[in-house]
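Source file: start-v9.txt (compact mmCIF, C-alpha atoms)
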```
# COMPACT_ATOMS: atom_id res chain seq x y z
CA MET A 1 -19.33 18.59 14.95
CA LYS A 2 -16.92 20.67 12.87
CA ARG A 3 -14.02 19.82 15.15
CA LEU A 4 -14.88 16.13 15.00
CA LEU A 5 -14.94 16.23 11.22
CA HIS A 6 -11.56 17.94 11.16
CA ILE A 7 -10.11 15.28 13.45
CA LEU A 8 -11.60 12.53 11.28
CA LEU A 9 -10.19 14.17 8.18
CA LEU A 10 -6.77 14.48 9.74
CA LEU A 11 -6.76 10.86 10.89
CA THR A 12 -7.84 9.58 7.49
CA MET A 13 -5.20 11.65 5.73
CA LEU A 14 -2.57 10.41 8.17
CA ALA A 15 -3.68 6.83 7.53
CA ALA A 16 -3.47 7.41 3.79
CA CYS A 17 -0.03 8.98 4.00
CA SER A 18 1.32 6.22 6.20
CA ARG A 19 0.46 3.44 3.76
CA GLU A 20 3.46 1.24 4.17
CA VAL A 21 4.35 -2.21 3.01
CA GLU A 22 2.92 -4.82 5.30
CA THR A 23 6.12 -6.75 5.70
CA ALA A 24 6.22 -10.53 5.86
CA PRO A 25 7.47 -12.27 9.04
CA LEU A 26 10.36 -13.52 6.92
CA TYR A 27 11.36 -9.93 6.14
CA ARG A 28 11.02 -8.86 9.76
CA GLN A 29 13.03 -11.86 10.91
CA TYR A 30 16.06 -10.84 8.87
CA ALA A 31 15.69 -7.06 8.60
CA SER A 32 17.60 -6.43 11.82
CA ARG A 33 20.60 -8.51 10.75
CA PRO A 34 23.58 -6.17 10.21
CA ASP A 35 25.26 -8.48 7.69
CA LEU A 36 22.25 -8.69 5.37
CA THR A 37 20.46 -6.29 3.09
CA VAL A 38 16.82 -7.24 3.20
CA ALA A 39 14.03 -6.03 0.93
CA GLN A 40 10.43 -6.84 0.24
CA VAL A 41 8.72 -6.08 -3.04
CA ALA A 42 4.98 -6.08 -2.44
CA GLY A 43 2.79 -6.87 -5.41
CA PHE A 44 5.54 -7.86 -7.84
CA GLN A 45 3.70 -8.19 -11.13
CA LEU A 46 3.88 -11.58 -12.83
CA GLY A 47 1.07 -11.30 -15.34
CA ASP A 48 -1.86 -9.12 -16.18
CA THR A 49 -3.60 -9.85 -12.91
CA VAL A 50 -1.22 -11.87 -10.76
CA ARG A 51 0.97 -10.15 -8.20
CA VAL A 52 3.09 -11.80 -5.51
CA ASP A 53 5.20 -10.56 -2.66
CA VAL A 54 8.94 -11.13 -2.88
CA VAL A 55 11.39 -11.10 0.02
CA ILE A 56 15.03 -10.70 -0.95
CA LEU A 57 18.03 -11.40 1.28
CA VAL A 58 21.44 -10.27 0.08
CA ALA A 59 24.47 -11.29 2.09
CA ASP A 60 26.92 -8.43 2.45
CA ASP A 61 29.95 -10.75 2.56
CA SER A 62 30.87 -14.38 2.04
CA ALA A 63 30.65 -15.16 5.77
CA ALA A 64 27.06 -13.94 5.85
CA TRP A 65 26.33 -15.97 2.71
CA GLN A 66 27.76 -19.09 4.31
CA GLY A 67 25.52 -18.42 7.29
CA LEU A 68 22.45 -18.10 5.08
CA LYS A 69 23.36 -21.29 3.23
CA THR A 70 23.57 -23.15 6.50
CA GLU A 71 20.32 -21.67 7.79
CA PHE A 72 18.43 -22.61 4.63
CA ASP A 73 20.25 -25.89 4.08
CA ILE A 74 21.59 -24.93 0.66
CA ARG A 75 24.09 -27.53 -0.42
CA PRO A 76 25.54 -26.49 -3.79
CA SER A 77 28.07 -23.70 -3.67
CA GLU A 78 27.67 -22.33 -7.18
CA GLY A 79 25.03 -21.69 -9.78
CA VAL A 80 21.41 -21.50 -8.75
CA THR A 81 19.48 -23.43 -6.15
CA SER A 82 15.72 -23.39 -5.90
CA TRP A 83 13.16 -25.09 -3.72
CA LEU A 84 9.67 -24.79 -2.36
CA GLY A 85 9.76 -23.69 1.27
CA ASP A 86 7.24 -23.82 4.07
CA ILE A 87 5.49 -20.48 4.49
CA ASP A 88 6.41 -20.29 8.20
CA ASN A 89 9.80 -21.96 7.93
CA PRO A 90 11.21 -21.45 4.43
CA ALA A 91 14.19 -23.69 5.14
CA ARG A 92 11.82 -26.67 5.30
CA ARG A 93 11.17 -28.13 1.87
CA VAL A 94 7.52 -28.74 1.00
CA LYS A 95 5.51 -30.08 -1.90
CA ARG A 96 3.87 -27.91 -4.51
CA SER A 97 0.43 -28.77 -3.16
CA GLU A 98 1.21 -27.26 0.23
CA VAL A 99 0.26 -23.70 -0.68
CA PRO A 100 0.76 -21.09 0.59
CA LEU A 101 4.49 -21.54 0.26
CA TRP A 102 7.69 -19.75 -0.67
CA ARG A 103 9.29 -20.38 -4.03
CA ALA A 104 12.86 -19.85 -2.96
CA MET A 105 15.77 -19.16 -5.28
CA ALA A 106 19.40 -18.79 -4.30
CA VAL A 107 21.88 -17.24 -6.71
CA HIS A 108 25.33 -18.02 -5.35
CA GLU A 109 27.27 -15.57 -7.48
CA GLU A 110 25.05 -12.74 -6.30
CA ARG A 111 24.88 -14.02 -2.71
CA THR A 112 21.17 -13.46 -3.09
CA LEU A 113 18.18 -15.36 -1.83
CA ALA A 114 14.77 -14.48 -3.24
CA PHE A 115 11.51 -15.82 -1.83
CA TYR A 116 8.34 -15.52 -3.92
CA ARG A 117 5.20 -15.93 -1.88
CA VAL A 118 2.86 -18.30 -3.70
CA ALA A 119 -0.62 -18.50 -2.21
CA THR A 120 -2.59 -20.20 -4.96
CA GLN A 121 -2.11 -22.59 -7.83
CA ALA A 122 -2.78 -19.71 -10.21
CA GLU A 123 0.12 -17.76 -8.71
CA PHE A 124 2.35 -20.81 -9.01
CA ASP A 125 1.42 -21.14 -12.69
CA ALA A 126 1.94 -17.42 -13.25
CA LEU A 127 5.42 -17.66 -11.75
CA ARG A 128 6.31 -20.49 -14.12
CA GLU A 129 4.78 -18.71 -17.09
CA TYR A 130 6.79 -15.61 -16.23
CA GLN A 131 9.96 -17.69 -16.26
CA MET A 132 8.96 -19.32 -19.54
CA GLU A 133 8.39 -15.89 -21.08
CA ILE A 134 11.82 -14.79 -19.91
CA MET A 135 13.36 -17.91 -21.44
CA GLY A 136 11.62 -17.09 -24.70
CA ASP A 137 13.03 -13.55 -24.76
CA MET B 1 -50.11 63.66 9.76
CA GLY B 2 -47.83 61.32 7.86
CA GLN B 3 -48.87 58.20 9.72
CA ASN B 4 -52.49 59.17 9.75
CA SER B 5 -52.49 59.73 6.02
CA MET B 6 -51.32 56.16 5.34
CA THR B 7 -53.89 53.67 4.28
CA PHE B 8 -54.38 50.46 6.13
CA GLU B 9 -52.66 48.55 3.37
CA GLU B 10 -49.63 50.84 3.53
CA LEU B 11 -49.44 50.48 7.29
CA TRP B 12 -49.69 46.72 6.99
CA GLU B 13 -46.97 46.68 4.36
CA ARG B 14 -44.68 48.84 6.49
CA GLU B 15 -45.18 46.75 9.58
CA GLU B 16 -44.63 43.60 7.62
CA ARG B 17 -41.41 44.97 6.13
CA GLN B 18 -40.13 46.20 9.46
CA GLY B 19 -40.98 42.87 11.07
CA LEU B 20 -39.20 41.04 8.32
CA GLU B 21 -36.16 43.28 8.57
CA GLN B 22 -36.00 42.77 12.31
CA ARG B 23 -36.36 39.03 11.91
CA LEU B 24 -33.64 38.98 9.28
CA ARG B 25 -31.32 41.03 11.47
CA GLN B 26 -31.81 38.55 14.28
CA GLU B 27 -31.71 35.35 12.28
CA TYR B 28 -29.33 36.09 9.41
CA PRO B 29 -26.05 35.62 11.38
CA ALA B 30 -27.27 32.31 12.78
CA TRP B 31 -28.36 31.22 9.31
CA ARG B 32 -24.93 32.14 7.93
CA ARG B 33 -23.27 30.13 10.67
CA ARG B 34 -25.47 27.14 9.92
CA ARG B 35 -24.83 27.47 6.19
CA ARG B 36 -21.07 27.61 6.78
CA ALA B 37 -21.15 24.58 9.07
CA ARG B 38 -23.23 22.70 6.49
CA ARG B 39 -20.75 23.54 3.74
CA VAL B 40 -17.76 22.55 5.88
CA ALA B 41 -19.47 19.26 6.78
CA LEU B 42 -20.26 18.52 3.13
CA ALA B 43 -16.73 19.35 2.03
CA SER B 44 -15.25 17.24 4.84
CA VAL B 45 -17.44 14.27 3.94
CA ALA B 46 -16.47 14.63 0.28
CA VAL B 47 -12.75 14.79 1.11
CA LEU B 48 -13.05 11.89 3.56
CA ALA B 49 -14.84 9.80 0.97
CA GLY B 50 -12.16 10.62 -1.59
CA VAL B 51 -9.31 9.78 0.75
CA ALA B 52 -11.04 6.58 1.89
CA LEU B 53 -11.58 5.51 -1.72
CA TYR B 54 -7.96 6.27 -2.52
CA THR B 55 -6.73 4.46 0.56
CA PHE B 56 -8.77 1.30 0.36
CA HIS B 57 -9.41 0.88 -3.34
CA LEU B 58 -6.18 1.91 -4.95
CA PRO B 59 -6.08 0.75 -8.54
CA PRO B 60 -3.38 -1.82 -9.23
CA SER B 61 -0.04 -0.22 -9.83
CA THR B 62 1.03 -0.06 -13.43
CA ARG B 63 4.74 0.12 -12.64
CA GLY B 64 5.12 -3.62 -11.96
CA TYR B 65 4.96 -3.53 -8.17
CA ASP B 66 2.97 -1.96 -5.37
CA ALA B 67 5.56 -0.97 -2.78
CA VAL B 68 9.04 -1.79 -1.56
CA ALA B 69 10.44 -2.06 1.95
CA CYS B 70 14.14 -2.26 2.67
CA ASN B 71 16.22 -2.34 5.82
CA ARG B 72 18.81 -0.05 4.21
CA SER B 73 18.19 3.43 3.00
CA GLY B 74 19.38 4.90 -0.27
CA ILE B 75 18.57 1.96 -2.52
CA ALA B 76 16.03 2.68 -5.24
CA ASP B 77 12.84 0.64 -5.29
CA SER B 78 13.47 -0.21 -8.92
CA HIS B 79 16.70 -1.98 -7.93
CA TRP B 80 14.75 -4.53 -5.89
CA VAL B 81 12.16 -4.99 -8.60
CA ASP B 82 15.03 -5.67 -11.00
CA VAL B 83 16.55 -8.16 -8.55
CA ALA B 84 13.20 -9.97 -8.23
CA ALA B 85 12.91 -10.19 -12.02
CA LYS B 86 16.59 -10.99 -12.58
CA THR B 87 16.56 -13.83 -10.07
CA LEU B 88 13.66 -15.44 -11.91
CA LYS B 89 15.55 -14.93 -15.15
CA THR B 90 18.68 -16.55 -13.74
CA THR B 91 16.81 -19.56 -12.40
CA ALA B 92 14.86 -20.00 -15.64
CA ARG B 93 18.01 -20.87 -17.51
```
Written form, structure tokens:
Amino acid sequence: MKRLLHILLLLTMLAACSREVETAPLYRQYASRPDLTVAQVAGFQLGDTVRVDVVILVADDSAAWQGLKTEFDIRPSEGVTSWLGDIDNPARRVKRSEVPLWRAMAVHEERTLAFYRVATQAEFDALREYQMEIMGD
Amino acid sequence: MGQNSMTFEELWEREERQGLEQRLRQEYPAWRRRRRARRVALASVAVLAGVALYTFHLPPSTRGYDAVACNRSGIADSHWVDVAAKTLKTTAR
């Protein structure tokens, strides 16, 4: 009985210590690419209660950026490009009503692609409100 | 002489005491073991409950994000949180 409790305790503590980010398929798809720095921010806070996951792809050089642009069908070569992407295939553009989706943003100067996972209308609104607040600052 | 001079009540008391002492000698170690096991079990259950509560009902983070994963080491979590915020800022303009 005592031994069993000790084992249970050990397992629970191990489980608690090994709390890791449950990475999105999008993150896992690109994490092994040597020419990209890939990150996922879990629970990025948008408002008092709304949190979304964000996957960020940063191309290490211009060749990698060109590759990303081709993969995600990003036409402009400067400024900022944004679109709503399919949750399973972010390169495919979808309508706002097709949640869950990725709100994708490409910043050419930074060679950065950021995908905000939007699962509900409330999250979509929170994302826009967050941007509005930033504009007001 | 000594035993014979004892009253029945005294004899009864002595026997009762000796019986109790013998019983205690026999049962006390087992009782201690049981008490220790009970305390260990209670402490383990309390710790398990605490860890389970912590694990499954973590309060929302107050630092603006829950966790960060990155395929490269050596980059601070806050950098990626800044990138997430900055990208929204850039696209808001």
Task: Test item: chain A residues at most 6 Å from chain B, counting only C-alpha atoms, as a list of chain:residue names - done: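 The answer, sorted by residue number, is A:Leu9, A:Ala16, A:Ala31, A:Val38, A:Ala39, A:Gln40, A:Val41, A:Ala42, A:Gly43, A:Phe44, A:Gln45, A:Gln131.
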Open item on the list: One decimal, in Å: what's the spacing between atom CA of Gln18 of chain B and atom CA of Ala30 of chain B?
Closed with: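 One can read the atom CA of Gln18 of chain B to atom CA of Ala30 of chain B distance as 19.2 Å.
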Open item on the list: When you look at segment 61-76 of chain A with a cut-off of 10 Å (counting all atoms listed in the file), what residues show up, excluding the ones that are within fewer than 3 positions of it in the same chain? I need them as a PyMOL selection string.
Closed with: chain A and resi 33-36+57-58+79-83+85+89-93+104+106+108+110-113
Task: Å distance separating atom CA of Gly47 of chain A from atom CA of Phe124 of chain A, one decimal place - done: 11.5 Å
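You will find atom CA of Glu109 of chain A at 26.7 Å from atom CA of Lys95 of chain A.
Minimum atom-to-atom distances from A:Val94, A:Val54, A:Val107, A:Ala126 to Leu26 of chain A were compared using all atoms listed in the file, and the lowest value belongs to A:Val54.
Residues having any atom no farther than 6 Å from (0.6, -15.4, -6.9) (counting all atoms listed in the file) are Val50, Arg51, Val52, Val118, Ala119 and Glu123 of chain A.
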